[in-house]
Amino acid sequence: MRKLLSAGLLRLRKNRLFFVGICFMFGIGLLFSLGKYSDMARFGAKQYLDDVLFLHTIFAGVCSAIFCSLFSGLEFSDGTIRNKLIVGHSRKNVYFSNLIVCITAAFCMTAAFLLSYCLFGIPLLLPPRMPLHTICIYLFISLFTITAYVSFFHMISMLTARKAISAVACLLIFTGLLLAGISIFSRLEAPEYISDYFATSNGIQKSEPYRNPKFLTGTAKSVYLFLFDFLPSGQSIQFACEIVAHPALIVLYSLFTSAFTTITGIFCFQKKDLK
């Protein structure tokens, strides 16, 4: 296992895709910090350091989908995985070592975003409104969400021999998860009463408020809240909006997702034909 990890980390340091991901996340952090400063300078709007600090989970999810699929896919196409098995490494150790390498890569990309955003945002933007200890807790919890993303995409990558198919599948799944998270969030934020607006000879008129048919109550609301906490995309949206209501549940759900996908991935990888 130690040799597999050493070889994997050495390969990571020489991997161009890894450095592209680092540069991308660094650039995104720079873009957000300068964009927020530009809005503050042009329009006089108050822009705080923590306004978009936690968007890193969404971008880390995108990078994980791309990196995991291509990193593992290249090992299949080059015959590296087959060679590891031939020299005596178990399939479980091969799976675990690649997973650890992918998690390390995702954490490094996340660090690049945070470094860039804070490096330029601290001197340019207003101090964060959130207490420092809350920011640290959010950042710590977000690592579990990123791990869940990586574990899920790594499972798909290790069970799909062709890197092109794996990359497309991972990106489509990430997009689907993100759209599902946005849809759940919009339903949870739906107001109980709404009004219609219509044009009359006296101008725009507002109707009497009536009950919103999309307002969630009872069991339906409980299901939506569960999915919002359970799905990594829902967790990412909570971080981005700074509305993490159940941090302990997010950690538990992320650990469950990581453990379930890893166990499932190892079980299926054990039976996979690597000819």
# chains A, B, ... in the order shown; residues from 1 in each chain; ligands from 1
>>> select_by_dssp(residues="stretch 101-270 of chain A", states="alpha helix (DSSP H)", output="ChimeraX atom specification")
/A:101-124,132-159,163-188,218-230,232-241,247-270
>>> residues_around(residues="stretch 63-77 of chain A", least_positions_apart="2", cutoff="8 Å", atoms="only C-alpha atoms", output="compact mmCIF listing (two decimals) with C-alpha atoms, in the first residue's frame")
# COMPACT_ATOMS: atom_id res chain seq x y z
CA LEU A 17 -4.23 17.77 -15.45
CA PHE A 18 -3.56 18.20 -11.74
CA GLY A 21 -6.91 22.07 -11.96
CA PHE A 59 -15.95 24.06 -8.19
CA ALA A 60 -14.15 21.27 -6.33
CA GLY A 61 -16.99 18.98 -7.39
CA GLY A 79 -2.17 -0.71 -18.56
CA THR A 80 -0.83 0.66 -15.26
CA ILE A 81 -3.56 -0.95 -13.16
CA ARG A 82 -2.99 -4.32 -14.78
CA ASN A 98 -6.01 5.81 -6.20
CA CYS A 102 -7.68 11.72 -5.91
CA ALA A 106 -9.11 17.66 -4.73
CA TYR A 149 -17.78 13.92 -4.36
CA VAL A 150 -14.39 12.31 -4.98
CA PHE A 153 -16.65 9.92 -9.03
CA HIS A 154 -13.74 7.62 -8.24
CA ILE A 156 -17.49 5.49 -11.48
CA SER A 157 -14.00 5.98 -12.89
CA MET A 158 -12.64 2.69 -11.54
CA THR A 160 -15.42 2.37 -16.39
CA ALA A 161 -12.37 1.41 -18.43
CA ARG A 162 -12.71 4.13 -21.09
CA LYS A 163 -11.73 7.55 -19.79
CA ALA A 164 -13.86 9.45 -22.32
CA SER A 166 -16.04 7.99 -17.61
CA ALA A 167 -15.46 11.75 -17.96
CA CYS A 170 -19.06 11.99 -14.20
CA LEU A 171 -19.81 15.44 -15.64
CA PHE A 174 -22.44 16.19 -11.39
>>> residues_around(residues="A:Ile28", least_positions_apart="5", cutoff="10 Å", atoms="only C-alpha atoms", output="count of residues only")
12
>>> closest_atom_pairs(of="stretch 135-245 of chain A", to="stretch 258-274 of chain A", cutoff="7 Å", atoms="only C-alpha atoms", output="CSV")
residue,atom,partner,partner_atom,distance
A:Thr147,CA,A:Ser258,CA,6.7
A:Ala148,CA,A:Ser258,CA,4.7
A:Ser151,CA,A:Ser258,CA,5.3
A:Phe152,CA,A:Thr261,CA,5.7
A:Met155,CA,A:Gly265,CA,4.9
A:Met158,CA,A:Phe269,CA,7.0
A:Leu159,CA,A:Phe269,CA,6.2
>>> write_last_selection(atoms="N, CA and C atoms", output="mmCIF file, in the first residue's frame")
data_model
loop_
_atom_site.group_PDB
_atom_site.id
_atom_site.type_symbol
_atom_site.label_atom_id
_atom_site.label_comp_id
_atom_site.auth_asym_id
_atom_site.auth_seq_id
_atom_site.Cartn_x
_atom_site.Cartn_y
_atom_site.Cartn_z
ATOM 1 N N THR A 147 -14.855 15.113 -0.153
ATOM 2 C CA THR A 147 -14.490 13.697 -0.105
ATOM 3 C C THR A 147 -15.615 12.825 -0.652
ATOM 4 N N ALA A 148 -16.858 13.180 -0.336
ATOM 5 C CA ALA A 148 -18.004 12.427 -0.857
ATOM 6 C C ALA A 148 -18.062 12.535 -2.380
ATOM 7 N N SER A 151 -15.183 10.353 -3.773
ATOM 8 C CA SER A 151 -15.469 8.921 -3.608
ATOM 9 C C SER A 151 -16.469 8.437 -4.651
ATOM 10 N N PHE A 152 -17.480 9.253 -4.906
ATOM 11 C CA PHE A 152 -18.507 8.881 -5.879
ATOM 12 C C PHE A 152 -17.942 8.830 -7.296
ATOM 13 N N MET A 155 -15.449 5.951 -7.813
ATOM 14 C CA MET A 155 -16.119 4.675 -8.031
ATOM 15 C C MET A 155 -16.505 4.510 -9.499
ATOM 16 N N MET A 158 -13.303 3.982 -11.671
ATOM 17 C CA MET A 158 -12.636 2.687 -11.537
ATOM 18 C C MET A 158 -13.460 1.546 -12.121
ATOM 19 N N LEU A 159 -14.729 1.789 -12.363
ATOM 20 C CA LEU A 159 -15.581 0.755 -12.941
ATOM 21 C C LEU A 159 -15.841 0.980 -14.425
#
>>> atom_distance(atom1="atom CA of A:Ser90", atom2="atom CA of A:Arg2")
12.6 Å
>>> closest_residue(among="A:Asp51, A:Ser222, A:Ala180, A:Leu139", to="A:Thr110", atoms="only C-alpha atoms")
A:Leu139
>>> closest_residue(among="A:Phe215, A:Phe239, A:Phe19, A:Phe43", to="A:Tyr138", atoms="only C-alpha atoms")
A:Phe239
>>> select_by_dssp(residues="stretch 92-260 of chain A", states="strand (DSSP E or B)", output="MDAnalysis selection string")
chainID A and resid 126 193:194 197:200 203:206 210:211
>>> write_last_selection(atoms="N, CA, C and O atoms", output="short mmCIF file (atom, residue, chain, number, x, y, z; two decimals), in the first residue's frame")
data_model
loop_
_atom_site.label_atom_id
_atom_site.label_comp_id
_atom_site.auth_asym_id
_atom_site.auth_seq_id
_atom_site.Cartn_x
_atom_site.Cartn_y
_atom_site.Cartn_z
N LEU A 126 -14.22 43.85 2.44
CA LEU A 126 -14.53 44.10 3.85
C LEU A 126 -14.33 42.81 4.66
O LEU A 126 -14.46 41.71 4.12
N TYR A 193 -47.31 32.14 0.85
CA TYR A 193 -48.33 32.91 0.13
C TYR A 193 -47.67 33.74 -0.96
O TYR A 193 -46.57 34.28 -0.78
N ILE A 194 -48.33 33.84 -2.10
CA ILE A 194 -47.82 34.62 -3.22
C ILE A 194 -48.93 35.50 -3.78
O ILE A 194 -50.12 35.29 -3.49
N TYR A 197 -49.28 39.80 -10.29
CA TYR A 197 -49.23 41.19 -10.73
C TYR A 197 -49.83 41.27 -12.12
O TYR A 197 -49.56 40.43 -12.99
N PHE A 198 -50.67 42.29 -12.36
CA PHE A 198 -51.30 42.44 -13.67
C PHE A 198 -51.44 43.91 -13.99
O PHE A 198 -51.51 44.77 -13.10
N ALA A 199 -51.47 44.19 -15.30
CA ALA A 199 -51.54 45.57 -15.77
C ALA A 199 -53.00 46.01 -15.90
O ALA A 199 -53.84 45.28 -16.41
N THR A 200 -53.29 47.21 -15.42
CA THR A 200 -54.62 47.82 -15.56
C THR A 200 -54.44 49.25 -16.06
O THR A 200 -53.32 49.74 -16.25
N GLY A 203 -52.29 51.27 -13.87
CA GLY A 203 -50.91 50.82 -13.67
C GLY A 203 -50.85 49.37 -13.22
O GLY A 203 -51.81 48.61 -13.36
N ILE A 204 -49.72 48.98 -12.68
CA ILE A 204 -49.52 47.60 -12.22
C ILE A 204 -50.23 47.40 -10.88
O ILE A 204 -50.01 48.16 -9.92
N GLN A 205 -51.09 46.40 -10.85
CA GLN A 205 -51.84 46.09 -9.64
C GLN A 205 -51.40 44.74 -9.08
O GLN A 205 -50.96 43.86 -9.81
N LYS A 206 -51.56 44.62 -7.79
CA LYS A 206 -51.18 43.39 -7.10
C LYS A 206 -52.43 42.69 -6.56
O LYS A 206 -53.28 43.32 -5.94
N TYR A 210 -52.48 34.60 -2.07
CA TYR A 210 -53.13 33.29 -1.99
C TYR A 210 -52.05 32.24 -1.73
O TYR A 210 -50.86 32.46 -1.96
N ARG A 211 -52.49 31.08 -1.28
CA ARG A 211 -51.55 30.04 -0.87
C ARG A 211 -50.77 29.51 -2.07
O ARG A 211 -51.35 29.21 -3.12
#
>>> residues_around(residues="A:Leu4", least_positions_apart="6", cutoff="9 Å", atoms="only C-alpha atoms", output="list in words")
Lys84, His89, Asn93, Val94, Ser97 and Asn98 of chain A
